[in-house]
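Structure file my_file12.txt; described as compact mmCIF, C-alpha atoms.
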```txt
# COMPACT_ATOMS: atom_id res chain seq x y z
CA MET A 1 -37.01 -16.56 -0.66
CA GLN A 2 -34.30 -18.54 1.08
CA ILE A 3 -31.16 -16.56 1.91
CA GLU A 4 -27.86 -18.03 3.06
CA TYR A 5 -25.91 -15.68 5.33
CA SER A 6 -22.23 -15.66 6.13
CA PRO A 7 -21.61 -16.24 9.87
CA GLU A 8 -20.39 -12.63 10.25
CA VAL A 9 -23.45 -11.07 8.62
CA GLU A 10 -25.90 -13.38 10.36
CA GLN A 11 -24.41 -12.56 13.77
CA ALA A 12 -24.43 -8.81 13.06
CA LEU A 13 -28.09 -8.88 12.02
CA ASN A 14 -29.05 -10.93 15.07
CA ASP A 15 -27.19 -8.48 17.32
CA GLY A 16 -28.73 -5.41 15.69
CA ARG A 17 -25.33 -4.11 14.56
CA PRO A 18 -24.91 -1.97 11.41
CA VAL A 19 -24.69 -3.85 8.12
CA VAL A 20 -24.06 -2.43 4.64
CA ALA A 21 -25.14 -4.31 1.52
CA LEU A 22 -22.83 -4.40 -1.51
CA GLU A 23 -23.63 -5.44 -5.07
CA SER A 24 -21.61 -8.08 -6.91
CA THR A 25 -21.92 -6.90 -10.53
CA ILE A 26 -19.03 -4.52 -9.92
CA ILE A 27 -16.93 -7.62 -9.10
CA SER A 28 -17.95 -9.86 -11.98
CA HIS A 29 -18.60 -7.29 -14.70
CA GLY A 30 -16.98 -4.05 -13.52
CA PHE A 31 -13.29 -4.87 -13.18
CA PRO A 32 -11.03 -7.70 -14.42
CA TYR A 33 -9.39 -10.22 -12.08
CA PRO A 34 -7.49 -9.57 -9.79
CA LYS A 35 -8.49 -5.88 -9.66
CA ASN A 36 -12.07 -6.89 -8.83
CA VAL A 37 -10.94 -8.85 -5.77
CA GLU A 38 -8.78 -5.96 -4.60
CA LEU A 39 -11.75 -3.58 -4.90
CA ALA A 40 -14.09 -5.95 -3.07
CA LYS A 41 -11.63 -6.37 -0.21
CA GLU A 42 -10.98 -2.62 -0.01
CA MET A 43 -14.72 -1.92 0.10
CA GLU A 44 -15.20 -4.41 2.92
CA ALA A 45 -12.18 -3.06 4.83
CA ILE A 46 -13.45 0.53 4.66
CA ILE A 47 -16.90 -0.50 5.87
CA ARG A 48 -15.41 -2.43 8.78
CA SER A 49 -13.16 0.52 9.67
CA GLU A 50 -16.31 2.62 10.18
CA GLY A 51 -17.83 0.08 12.57
CA ALA A 52 -20.20 -1.70 10.18
CA VAL A 53 -20.30 -5.18 8.65
CA PRO A 54 -20.14 -5.59 4.84
CA ALA A 55 -22.61 -7.93 3.16
CA THR A 56 -21.76 -8.57 -0.48
CA ILE A 57 -24.78 -10.16 -2.18
CA ALA A 58 -24.66 -12.72 -5.00
CA ILE A 59 -26.29 -15.89 -6.30
CA LEU A 60 -24.00 -18.89 -5.81
CA ASN A 61 -25.05 -22.16 -7.46
CA GLY A 62 -28.67 -21.03 -7.23
CA MET A 63 -28.50 -19.88 -3.60
CA VAL A 64 -29.11 -16.25 -2.70
CA THR A 65 -26.07 -15.44 -0.57
CA CYS A 66 -25.69 -12.46 1.75
CA GLY A 67 -22.08 -11.97 2.79
CA LEU A 68 -19.29 -13.73 0.88
CA VAL A 69 -16.38 -15.53 2.47
CA GLU A 70 -13.04 -15.35 0.62
CA GLU A 71 -13.48 -18.62 -1.28
CA GLN A 72 -16.88 -17.49 -2.59
CA LEU A 73 -15.55 -14.07 -3.52
CA LEU A 74 -12.69 -15.59 -5.51
CA HIS A 75 -15.09 -17.94 -7.31
CA LEU A 76 -17.27 -15.01 -8.34
CA ALA A 77 -14.29 -12.89 -9.38
CA LYS A 78 -12.62 -15.59 -11.50
CA SER A 79 -15.64 -17.19 -13.15
CA GLU A 80 -16.35 -16.35 -16.79
CA THR A 81 -19.94 -17.63 -16.69
CA VAL A 82 -21.57 -15.30 -14.15
CA MET A 83 -25.11 -14.16 -14.96
CA LYS A 84 -25.91 -10.48 -14.53
CA CYS A 85 -29.09 -10.65 -12.45
CA SER A 86 -31.67 -7.93 -12.06
CA VAL A 87 -34.80 -8.78 -10.06
CA ARG A 88 -36.54 -10.38 -13.03
CA ASP A 89 -33.59 -12.75 -13.54
CA LEU A 90 -33.46 -14.13 -9.99
CA PRO A 91 -35.96 -16.99 -10.53
CA VAL A 92 -34.00 -18.20 -13.57
CA ALA A 93 -30.69 -18.10 -11.70
CA ILE A 94 -32.13 -19.81 -8.62
CA ALA A 95 -34.01 -22.53 -10.52
CA GLY A 96 -31.05 -23.16 -12.80
CA LYS A 97 -28.60 -23.30 -9.88
CA CYS A 98 -26.52 -20.64 -11.59
CA THR A 99 -23.94 -18.23 -10.28
CA GLY A 100 -25.14 -14.68 -10.70
CA ALA A 101 -24.01 -11.16 -9.85
CA THR A 102 -26.59 -8.75 -8.49
CA THR A 103 -27.33 -5.30 -9.92
CA VAL A 104 -28.47 -2.24 -7.98
CA ALA A 105 -32.09 -3.38 -8.38
CA SER A 106 -31.62 -6.98 -7.24
CA THR A 107 -29.19 -6.06 -4.46
CA SER A 108 -31.75 -3.58 -3.11
CA TYR A 109 -34.48 -6.21 -3.28
CA ILE A 110 -32.43 -8.89 -1.50
CA ALA A 111 -31.04 -6.45 1.08
CA HIS A 112 -34.58 -5.41 2.00
CA LYS A 113 -35.64 -9.06 2.36
CA ALA A 114 -32.57 -9.65 4.55
CA GLY A 115 -33.38 -6.70 6.82
CA ILE A 116 -30.46 -4.54 5.65
CA ARG A 117 -31.37 -0.86 5.34
CA VAL A 118 -28.26 0.68 3.75
CA PHE A 119 -26.63 -0.26 0.45
CA ALA A 120 -23.45 1.19 -1.09
CA THR A 121 -22.84 1.13 -4.84
CA GLY A 122 -20.97 3.14 -7.47
CA GLY A 123 -23.76 4.75 -9.46
CA ILE A 124 -27.33 3.78 -10.25
CA GLY A 125 -28.81 3.10 -13.68
CA GLY A 126 -31.32 5.53 -15.11
CA VAL A 127 -32.87 6.81 -18.32
CA HIS A 128 -30.77 6.24 -21.43
CA LYS A 129 -30.30 8.96 -23.98
CA ALA A 130 -32.60 8.45 -26.96
CA GLU A 131 -29.76 8.42 -29.47
CA GLU A 132 -27.99 5.47 -27.83
CA GLY A 133 -28.82 2.50 -30.01
CA GLY A 134 -31.92 4.25 -31.35
CA ARG A 135 -34.19 2.69 -28.75
CA GLY A 136 -35.74 5.87 -27.39
CA PHE A 137 -36.97 5.92 -23.80
CA ASP A 138 -35.06 3.09 -22.10
CA VAL A 139 -35.36 3.11 -18.30
CA SER A 140 -33.23 1.02 -15.93
CA ALA A 141 -34.96 -1.37 -13.55
CA ASP A 142 -32.91 0.29 -10.80
CA LEU A 143 -35.36 3.22 -10.76
CA LEU A 144 -38.44 1.03 -10.47
CA GLU A 145 -36.89 -0.99 -7.65
CA LEU A 146 -36.01 2.22 -5.79
CA SER A 147 -39.70 3.12 -5.95
CA ARG A 148 -40.83 -0.04 -4.15
CA THR A 149 -37.97 -1.16 -1.90
CA ALA A 150 -37.28 0.70 1.35
CA VAL A 151 -33.48 0.77 1.26
CA ALA A 152 -31.16 3.81 1.43
CA VAL A 153 -28.84 3.57 -1.58
CA VAL A 154 -25.58 5.54 -1.35
CA ALA A 155 -24.25 6.33 -4.84
CA ALA A 156 -22.34 8.95 -6.81
CA GLY A 157 -25.55 9.84 -8.62
CA ALA A 158 -26.31 8.08 -11.91
CA LYS A 159 -23.81 6.98 -14.53
CA SER A 160 -22.47 9.79 -16.72
CA ILE A 161 -23.65 8.13 -19.95
CA LEU A 162 -27.33 8.62 -19.00
CA ASP A 163 -29.92 11.33 -19.50
CA LEU A 164 -29.58 12.81 -16.01
CA PRO A 165 -32.47 15.35 -16.16
CA ALA A 166 -34.84 12.58 -17.29
CA THR A 167 -33.48 10.25 -14.60
CA LEU A 168 -34.27 12.81 -11.89
CA GLU A 169 -37.75 13.33 -13.36
CA VAL A 170 -38.49 9.60 -13.19
CA LEU A 171 -37.23 9.40 -9.59
CA GLU A 172 -39.56 12.28 -8.71
CA SER A 173 -42.49 10.56 -10.46
CA TYR A 174 -41.74 7.39 -8.49
CA SER A 175 -41.66 9.32 -5.17
CA VAL A 176 -38.03 8.44 -4.54
CA LEU A 177 -36.40 11.00 -2.25
CA VAL A 178 -33.01 12.15 -3.54
CA VAL A 179 -30.70 13.63 -0.89
CA GLY A 180 -27.36 15.24 -1.63
CA PHE A 181 -24.69 14.53 0.99
CA LYS A 182 -22.64 17.72 1.40
CA THR A 183 -23.95 18.92 -1.98
CA ASP A 184 -27.05 20.55 -3.40
CA LYS A 185 -26.33 19.24 -6.91
CA PHE A 186 -26.91 15.84 -8.48
CA PRO A 187 -23.50 14.16 -8.98
CA ALA A 188 -22.60 12.93 -12.46
CA PHE A 189 -20.67 9.79 -11.44
CA HIS A 190 -17.23 10.59 -12.88
CA SER A 191 -17.82 14.31 -12.22
CA VAL A 192 -18.67 16.07 -8.97
CA SER A 193 -21.77 17.82 -10.29
CA SER A 194 -24.23 17.64 -13.17
CA GLY A 195 -25.44 21.15 -12.37
CA LEU A 196 -28.91 19.77 -11.59
CA ASN A 197 -30.45 20.55 -8.20
CA VAL A 198 -31.42 17.86 -5.70
CA PRO A 199 -34.55 18.33 -3.55
CA ALA A 200 -32.79 17.90 -0.19
CA THR A 201 -29.32 18.23 1.30
CA ALA A 202 -27.64 16.88 4.45
CA ASN A 203 -24.28 18.31 5.48
CA THR A 204 -23.43 15.82 8.23
CA ILE A 205 -24.00 12.14 8.89
CA GLU A 206 -26.22 13.15 11.82
CA GLU A 207 -28.47 15.24 9.55
CA LEU A 208 -28.53 12.45 6.99
CA SER A 209 -29.46 9.82 9.57
CA GLU A 210 -32.29 12.04 10.82
CA ILE A 211 -33.79 12.20 7.32
CA VAL A 212 -33.26 8.50 6.59
CA GLY A 213 -34.55 7.52 10.03
CA ALA A 214 -37.71 9.59 9.54
CA HIS A 215 -38.22 7.94 6.14
CA PHE A 216 -38.06 4.47 7.67
CA GLN A 217 -40.26 5.45 10.63
CA MET A 218 -42.94 6.65 8.21
CA GLU A 219 -42.82 3.21 6.54
CA VAL A 220 -42.66 4.80 3.11
CA PRO A 221 -42.55 1.88 0.64
CA ALA A 222 -40.03 3.60 -1.64
CA GLY A 223 -36.28 3.71 -1.16
CA MET A 224 -33.98 6.70 -0.97
CA LEU A 225 -31.05 7.78 -3.12
CA ILE A 226 -28.19 9.34 -1.14
CA CYS A 227 -25.99 11.27 -3.58
CA ASN A 228 -22.35 11.27 -2.51
CA PRO A 229 -20.10 12.94 -5.12
CA VAL A 230 -16.79 11.47 -6.18
CA PRO A 231 -13.92 13.11 -4.20
CA ALA A 232 -12.93 16.30 -6.00
CA LYS A 233 -9.25 15.30 -6.15
CA ASP A 234 -10.15 12.25 -8.26
CA ALA A 235 -13.01 13.70 -10.34
CA MET A 236 -13.02 14.34 -14.07
CA SER A 237 -14.40 17.51 -15.63
CA ASN A 238 -17.85 17.44 -17.24
CA GLU A 239 -16.33 18.50 -20.57
CA GLU A 240 -13.81 15.66 -20.51
CA VAL A 241 -16.48 13.08 -19.67
CA ASP A 242 -18.95 14.42 -22.27
CA GLU A 243 -16.31 14.14 -24.99
CA LEU A 244 -15.50 10.55 -24.03
CA VAL A 245 -19.18 9.58 -23.77
CA ALA A 246 -19.89 11.04 -27.23
CA LYS A 247 -17.10 8.94 -28.75
CA ALA A 248 -18.13 5.78 -26.89
CA SER A 249 -21.81 6.24 -27.80
CA LYS A 250 -20.94 6.68 -31.46
CA GLU A 251 -18.96 3.43 -31.32
CA ALA A 252 -21.90 1.63 -29.69
CA VAL A 253 -24.36 2.76 -32.36
CA ALA A 254 -21.94 1.83 -35.16
CA SER A 255 -21.48 -1.62 -33.61
CA GLY A 256 -25.23 -2.20 -33.25
CA ILE A 257 -25.09 -2.41 -29.46
CA LYS A 258 -28.58 -2.10 -27.95
CA GLY A 259 -30.64 -2.54 -24.78
CA ALA A 260 -28.99 -3.98 -21.68
CA ALA A 261 -25.67 -4.34 -23.51
CA ILE A 262 -25.27 -0.58 -23.96
CA THR A 263 -24.13 0.33 -20.44
CA PRO A 264 -21.33 -2.27 -20.07
CA TYR A 265 -20.16 -1.59 -23.63
CA ILE A 266 -19.92 2.18 -23.17
CA LEU A 267 -18.31 1.89 -19.73
CA GLY A 268 -15.70 -0.42 -21.23
CA ALA A 269 -15.15 1.99 -24.10
CA LEU A 270 -14.76 4.89 -21.68
CA ASN A 271 -12.05 3.00 -19.83
CA ARG A 272 -10.23 2.27 -23.08
CA LEU A 273 -10.58 5.79 -24.49
CA SER A 274 -9.45 7.38 -21.21
CA GLU A 275 -6.53 4.93 -20.86
CA GLY A 276 -7.90 3.60 -17.58
CA ARG A 277 -8.74 6.94 -16.00
CA THR A 278 -12.48 6.26 -15.68
CA SER A 279 -11.82 2.99 -13.85
CA GLU A 280 -9.63 4.80 -11.33
CA VAL A 281 -12.43 7.33 -10.77
CA ASN A 282 -14.91 4.48 -10.41
CA LEU A 283 -12.70 2.89 -7.75
CA SER A 284 -12.40 6.15 -5.82
CA LEU A 285 -16.11 6.89 -5.77
CA ALA A 286 -17.04 3.31 -4.84
CA LEU A 287 -14.74 3.38 -1.80
CA ASN A 288 -16.05 6.82 -0.83
CA ASN A 289 -19.63 5.54 -1.02
CA GLY A 290 -18.76 2.54 1.12
CA ARG A 291 -17.34 4.83 3.81
CA VAL A 292 -20.42 7.08 3.91
CA ALA A 293 -22.82 4.12 3.83
CA ALA A 294 -21.06 2.55 6.82
CA GLN A 295 -21.20 5.83 8.74
CA LEU A 296 -24.92 6.13 7.94
CA ALA A 297 -25.68 2.53 8.96
CA THR A 298 -23.80 3.04 12.24
CA ALA A 299 -25.66 6.29 12.95
CA LEU A 300 -29.03 4.65 12.24
CA CYS A 301 -28.27 1.84 14.69
CA ALA A 302 -27.40 4.43 17.36
CA ARG A 303 -30.77 6.18 17.05
```
Represent the structure of the file as structure tokens.
Amino acid sequence: MQIEYSPEVEQALNDGRPVVALESTIISHGFPYPKNVELAKEMEAIIRSEGAVPATIAILNGMVTCGLVEEQLLHLAKSETVMKCSVRDLPVAIAGKCTGATTVASTSYIAHKAGIRVFATGGIGGVHKAEEGGRGFDVSADLLELSRTAVAVVAAGAKSILDLPATLEVLESYSVLVVGFKTDKFPAFHSVSSGLNVPATANTIEELSEIVGAHFQMEVPAGMLICNPVPAKDAMSNEEVDELVAKASKEAVASGIKGAAITPYILGALNRLSEGRTSEVNLSLALNNGRVAAQLATALCAR
């Protein structure tokens, strides 16, 4: 697979300096313009402030691109015809010379191919609740990609709309190590804790880098999920989120929303029903994950 690198990212990789991968779906499908550009620039600024280089990944006119310059970022943020690309969609986007935004799965895949070991996102996909759209056991490709791509993904757990116990069970079945950063509970995206235990905890970046470094040294083919809860000052209560999710899910079923369309529909409904509160939480946790990912990437390079 041919990858085009920005000069900054290419130089950092050649020099062995810390690089943090970033997805692009949050830009094209997560926030409207110009909020999406503001978020992207804030994410990159936070990563640079911690001594690492940000590498936002996207497909631009059929070219897999690692590290976006401002003109490319604006094109992605403003365009209304951006494909949402998981791994399975990459050949179609590349062959069709399309512009596509990468998900957690495809960003992990491309980051691994590019030699980037740490990836910051908001929250991963997971197992959908059976009642959503009546489809039963619907599992995100994010979980499968975590099982076969050796990248450390820093996230605020899985999205609140998912079946979190089932998501953890699938991660365990796929041999994906889940590590809580300064927590022994699995975060619930908008909320600090789901109440579910995680199998391992690291209380400092040094402890975390020891675990992640050992994982890479063992050449385990699977990735790792680093669970970094949303800052408590910005978090929503579980009860508040559950009530909003129930309303949004009911709307989705009534509207006949199914499959891959469920997640973006419900997230949009949550933002509307909460009068923008969930988007503010999403922004806070994304920036927090970028900070921790940069610290982890820097610590790994120092080992």
- Query: Leaving out A:Ala58 and any residue of its chain fewer than 2 positions from it, which residues lie within 8 Å of it when counting all atoms listed in the file, given as a ChimeraX atom specification?
  - Reply: /A:23-24,56,60,64-66,99-102
- Query: Restricting the calculation to all atoms listed in the file, which member of A:Ala202, A:Ala93, A:Ala252, A:Val245 is positioned closest to A:Ser274?
  - Reply: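 With all atoms listed in the file as the atom set, the closest residue is A:Val245.
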- Excluding A:Phe189 and residues on its chain fewer than 4 positions from it, collect all residues at most 7 Å away from it, counting only C-alpha atoms, and give them as a list in words.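 Near A:Phe189, the qualifying residues are Gly123, Ala156, Gly157, Ala158, Lys159, Ser160 and Val230 of chain A.
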- Message: Please report the interatomic distance between atom CA of A:Ala55 and atom CA of A:Leu68 in Å with one decimal.
- Response: 7.1 Å
- Residues near A:Phe31, cut-off 9 Å, all atoms listed in the file, skip fewer than 5 positions along chain, as a PyMOL selection string: chain A and resi 26+36-37+39+77+279
- Query: To one decimal place, how far is atom CA of A:Gly30 from atom CA of A:Ile59 in Å?
  - Reply: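 Distance reported for this atom pair: 16.7 Å.
Atom CA of A:His215 to atom CA of A:Leu287 spans 25.2 Å [interatomic distance, one decimal].
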- Excluding A:Tyr174 and residues on its chain fewer than 5 positions from it, collect all residues at most 12 Å away from it, counting all atoms listed in the file, and give them as an MDAnalysis selection string. chainID A and resid 142:149 167:169 220:225
- Item | Which of A:Val53, A:Ala95, A:Ile3, A:Ala45 sits closest to A:Val19 [using all atoms listed in the file] |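 When distances to A:Val19 are compared using all atoms listed in the file, the smallest one comes from A:Val53.
Shortest separation to A:Glu207 among A:Val104, A:Ala52, A:Ala12, A:Ala299 occurs at residue A:Ala299, atoms counted being only C-alpha atoms.
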Give me the residues within 7 Å of A:Ala297 as a short mmCIF file (atom, residue, chain, number, x, y, z; two decimals) with C-alpha atoms, in the frame of the given file, counting only C-alpha atoms and dropping any in the same chain fewer than 6 places off.
```cif
data_model
loop_
_atom_site.label_atom_id
_atom_site.label_comp_id
_atom_site.auth_asym_id
_atom_site.auth_seq_id
_atom_site.Cartn_x
_atom_site.Cartn_y
_atom_site.Cartn_z
CA PRO A 18 -24.91 -1.97 11.41
CA VAL A 19 -24.69 -3.85 8.12
CA VAL A 20 -24.06 -2.43 4.64
CA VAL A 118 -28.26 0.68 3.75
#
```
